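Here is the structure we will look at, set down as structure tokens.
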Amino acid sequence: MKRNAEKSDEVLDSMSFFRSHWAVWKFVGATYEKMNWNRLYIGYSLILNLFITIWFPTHMSFLLFRNESLSDNISNLAMVSTCASCSCKTFICMLKFRKIGRMEELLSQLDSRVKTEEEKVVYRWLKIQLRVILYLILSLYVTLGLLAEIGFLVQTEHLLMYPGWFPFDWAKSTRNFYVAHVYQSIGLGVQIMQNYANDCFPSMMLCITAAHIKMLYIRFEKVGEDPTLNAEQQLENCITDHKSLLELFRTLESFMSLQMLIQFAVSGVNLCTSIVGLLLSNEPLTIAYFVVYTVGLPLQIFPACYYGTDVELWFGKLPYAAFSCRWLAQTRSFKKKLMLFVERSLKRTAPMAGGMLSIHVSTFFSTLKFVYSLFSILIRMRK
């Protein structure tokens with residue numbers, strides 16, 4: 001009885017899953033509006049983003065294709081493209097940060113509509129899925145960062161973690177060498193946090209959106225079942241929820257559209273170069289780094305593609321839910337409103353990246369096919 005009482009009193013707050021993201025956004029200087037345009041915070045944001053977000057990929061790009069071995073060139077190319085894309089996605093996030101506030105409002109409205117035990121079961125399953133996404137992406141980036149640092153610590157030569165240009169000669173001075181290493185370690189840490197927030201947020205938001213569509217499906221099926229409730233009012237509430245979900249979907253799509261397009265492009269190129277780097281490497285730690293990197297790149301985009309497909313699927317199922325309710329015994333006004341809803345919900349609703357690529361499982365496999373084709377071309381050119 002006590003356990004059932006706890007379940008009935010369960011507080012639903014979808015945005016609570018993004019506390020770690022808010023911590024990252026605050027750290028990287030994206031929340032300047034929330035800080036009421038505090039001058040000290042804006043100054044901190046400018047300095048951090050100038051010296052890390054902009055300069056970190058730039059200082060490595062100066063030595064692009066100028067390293068001693070092909071393996072180093074490939075590693076450098078993969079890191080430069082990853083960090084440059086991360087910086088681009090971070091600035092896009094900053095420019096569109098206001099949309100997160102609107103998404104918070106819409107999610108709060110939708111959370112307040114969750115009443116029945118069936119809907120709460122969907123919500124509990126949602127919690128498990130979000131934890132899996134969060135821990136999967138976080139563990140991936142932490143592992144890559146640790147492997148890079150371990151590779152530096154165990155090396156016998158006097159080399160940096162990543163080839164990069166500095167305005168001082170780091171090779172001839174132990175102090176300068178460690179200053180350069182500390183900068184790269186801090187830069188890598190900040191970029192890992194930025195990438196975590198950039199890659200994790202769209203996947204988790206699509207997952208939450210899909211779960212709320214499923215809960216709306218359940219509410220639609222129950223319209224008219226309870227004779228003590230006004231069926232037409234229930235229908236109007238469901239239609240209002242559907243409008244909120246569509247607005248949430250459009251807001252999310254406009255927020256992540258360019259970010260996902262960049263992610264698709266970079267993942268395709270980097271996956272190919274990391275496989276080539278894996279084949280050319282002889283050192284165990286470098287091989288381990290490229291293995292994690294090769295496995296991790298598809299995992300960055302797969303959750304977003306999977307839940308993008310889920311969102312499209314459940315939006316497409318809503319007309320069937322509408323006709324599953326007790327509509328035959330209802331008034332003419334009820335039936336007109338139901339028909340108008342069904343006509344609107346028949347329109348395909350699918351998330352797009354840059355207005356060109358659908359965020360769908362089919363796009364994920366198309367990216368892998370592109371990687372295979374590009375890899376085959378590189379192997380033939382090498383022969």
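We label chains A, B, ... in the order they appear in the structure tokens, count residues from 1 in each chain, and number ligands from 1 in the order shown.
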Per residue of range 129-210 of chain A within 10 Å of range 239-251 of chain A, what are the shortest atom pair and its distance in Å to one decimal, counting only C-alpha atoms, with rows by chain and residue number, as a tab-separated table?
residue	atom	partner	partner_atom	distance
A:Met205	CA	A:Phe249	CA	9.1
A:Leu206	CA	A:Phe249	CA	8.2
A:Thr209	CA	A:Leu245	CA	7.3
A:Ala210	CA	A:Leu245	CA	9.5
Which parts of range 97-199 of chain A does DSSP call helix (DSSP H, G or I) when run on the backbone here, written out as a VMD selection string?
chain A and resid 98 to 112 117 to 154 174 to 199
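Proximity ranking of A:Ile208, A:Met60, A:Val28, A:Ile301 relative to Arg131 in chain A places A:Ile208 first, based on only C-alpha atoms.
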Neighbour list for Leu340 in chain A as a list in words, cut-off 12 Å, only C-alpha atoms, skip fewer than 4 positions in-chain:
Leu235, Glu236, Ile239, Pro319, Ala322, Ser333, Phe334, Lys335, Lys336, Arg344, Ser345 and Leu346 of chain A
Next, write the just-selected residues to a file, as a PDB file, in the first residue's frame, keeping C-alpha atoms as the atom set.
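Final output, saved to again_6.pdb:
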ATOM      1  CA  LEU A 235     -11.264  15.636 -26.492  1.00  0.00           C
ATOM      2  CA  GLU A 236     -10.498  19.372 -26.399  1.00  0.00           C
ATOM      3  CA  ILE A 239      -6.266  18.401 -28.931  1.00  0.00           C
ATOM      4  CA  PRO A 319      -5.306   9.163 -35.700  1.00  0.00           C
ATOM      5  CA  ALA A 322      -8.619   9.032 -31.892  1.00  0.00           C
ATOM      6  CA  SER A 333     -20.013  18.691 -32.260  1.00  0.00           C
ATOM      7  CA  PHE A 334     -17.677  16.070 -30.757  1.00  0.00           C
ATOM      8  CA  LYS A 335     -17.458  14.189 -34.071  1.00  0.00           C
ATOM      9  CA  LYS A 336     -16.661  17.356 -36.047  1.00  0.00           C
ATOM     10  CA  ARG A 344      -4.471  17.549 -39.060  1.00  0.00           C
ATOM     11  CA  SER A 345      -2.701  14.589 -37.490  1.00  0.00           C
ATOM     12  CA  LEU A 346      -2.461  12.733 -40.837  1.00  0.00           C
TER      13      LEU A 346
END
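Of the residues under consideration (A:Ser257, A:Ser85, A:Ser75, A:Thr156), A:Ser75 shows the shortest atom-to-atom contact distance to Val276 in chain A when counting only C-alpha atoms.
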Quick one: residues within 9 Å of Leu110 in chain A, only C-alpha atoms, excluding same-chain residues fewer than 2 positions away - as an mmCIF file with N, CA, C and O atoms, in the first residue's frame?
data_model
loop_
_atom_site.group_PDB
_atom_site.id
_atom_site.type_symbol
_atom_site.label_atom_id
_atom_site.label_comp_id
_atom_site.auth_asym_id
_atom_site.auth_seq_id
_atom_site.Cartn_x
_atom_site.Cartn_y
_atom_site.Cartn_z
ATOM 1 N N GLU A 105 8.725 25.343 -20.635
ATOM 2 C CA GLU A 105 7.326 25.699 -20.381
ATOM 3 C C GLU A 105 6.376 24.649 -20.943
ATOM 4 O O GLU A 105 5.410 24.235 -20.278
ATOM 5 N N LEU A 106 6.634 24.218 -22.174
ATOM 6 C CA LEU A 106 5.761 23.230 -22.823
ATOM 7 C C LEU A 106 5.827 21.882 -22.102
ATOM 8 O O LEU A 106 4.794 21.220 -21.923
ATOM 9 N N LEU A 107 7.026 21.479 -21.693
ATOM 10 C CA LEU A 107 7.159 20.215 -20.970
ATOM 11 C C LEU A 107 6.458 20.267 -19.623
ATOM 12 O O LEU A 107 5.865 19.278 -19.175
ATOM 13 N N SER A 108 6.510 21.415 -18.976
ATOM 14 C CA SER A 108 5.807 21.575 -17.696
ATOM 15 C C SER A 108 4.297 21.404 -17.875
ATOM 16 O O SER A 108 3.633 20.748 -17.067
ATOM 17 N N SER A 112 1.986 18.133 -16.385
ATOM 18 C CA SER A 112 0.809 18.317 -15.520
ATOM 19 C C SER A 112 -0.400 17.528 -16.005
ATOM 20 O O SER A 112 -1.355 17.318 -15.257
ATOM 21 N N ARG A 113 -0.365 17.075 -17.247
ATOM 22 C CA ARG A 113 -1.491 16.315 -17.818
ATOM 23 C C ARG A 113 -1.395 14.815 -17.536
ATOM 24 O O ARG A 113 -2.314 14.061 -17.788
ATOM 25 N N VAL A 114 -0.253 14.368 -17.030
ATOM 26 C CA VAL A 114 -0.059 12.936 -16.749
ATOM 27 C C VAL A 114 -0.761 12.599 -15.436
ATOM 28 O O VAL A 114 -0.352 13.053 -14.364
ATOM 29 N N HIS A 212 5.837 11.477 -24.384
ATOM 30 C CA HIS A 212 4.620 12.280 -24.190
ATOM 31 C C HIS A 212 3.588 12.008 -25.294
ATOM 32 O O HIS A 212 2.382 12.088 -25.032
ATOM 33 N N ASP A 241 -3.238 19.314 -25.971
ATOM 34 C CA ASP A 241 -1.968 18.620 -25.720
ATOM 35 C C ASP A 241 -1.233 18.353 -27.028
ATOM 36 O O ASP A 241 0.003 18.456 -27.099
ATOM 37 N N SER A 244 0.419 21.464 -28.153
ATOM 38 C CA SER A 244 1.621 21.703 -27.340
ATOM 39 C C SER A 244 2.770 20.808 -27.794
ATOM 40 O O SER A 244 3.931 21.246 -27.863
ATOM 41 N N LEU A 245 2.453 19.570 -28.117
ATOM 42 C CA LEU A 245 3.477 18.639 -28.587
ATOM 43 C C LEU A 245 4.043 19.074 -29.942
ATOM 44 O O LEU A 245 5.256 18.970 -30.164
#
Residues at most 8 Å from Trp314 in chain A, counting only C-alpha atoms, excluding those fewer than 4 positions away in the same chain, as a PyMOL selection string?
chain A and resi 210+213-214+310+318
Expressed in Å, the length from CA of Asn49 in chain A to CA of Ala23 in chain A is 16.1 Å
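In terms of minimum interatomic distance to Pro351 in chain A, A:Met260 ranks closest within A:Cys272, A:Met260, A:Leu299, A:Val371, counting only C-alpha atoms.
CA of Thr58 in chain A is positioned 11.3 Å from CA of Pro163 in chain A.
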From the list A:Thr363, A:Phe264, A:Gln330, A:Ser61, the nearest residue to Gln233 in chain A using only C-alpha atoms is A:Gln330
Sort by chain and increasing residue number a table of all residues of range 188-289 of chain A within 12 Å of range 29-46 of chain A, each with its closest pair of atoms and their distance in Å to one decimal, counting only C-alpha atoms, and write it as JSON lines.
{"residue": "A:Val190", "atom": "CA", "partner": "A:Gly29", "partner_atom": "CA", "distance": 11.4}
{"residue": "A:Gln194", "atom": "CA", "partner": "A:Ala30", "partner_atom": "CA", "distance": 10.4}
{"residue": "A:Ala197", "atom": "CA", "partner": "A:Ala30", "partner_atom": "CA", "distance": 11.4}
{"residue": "A:Asn198", "atom": "CA", "partner": "A:Ala30", "partner_atom": "CA", "distance": 12.0}
Pull C-alpha atoms from the residues just selected and write them as a PDB file, in the first residue's frame.
ATOM      1  CA  VAL A 190      35.910  21.772 -21.788  1.00  0.00           C
ATOM      2  CA  GLN A 194      30.430  20.882 -24.572  1.00  0.00           C
ATOM      3  CA  ALA A 197      25.633  18.690 -23.750  1.00  0.00           C
ATOM      4  CA  ASN A 198      25.438  19.153 -27.543  1.00  0.00           C
TER       5      ASN A 198
END
What does the structure give for the distance between CA of Gln184 in chain A and CA of Ser81 in chain A, in Å to one decimal?
15.8 Å
For range 283-296 of chain A, work out the shell of residues within 9 Å, counting only C-alpha atoms and skipping chain neighbours fewer than 2 positions away, then give it as a list of chain:residue names.
A:Ser75, A:Ile137, A:Leu140, A:Tyr141, A:Thr143, A:Leu144, A:Leu147, A:Ala148, A:Ile150, A:Gly151, A:Asn270, A:Leu271, A:Cys272, A:Ser274, A:Ile275, A:Gly277, A:Leu278, A:Leu279, A:Ser281, A:Pro298, A:Leu299, A:Gln300
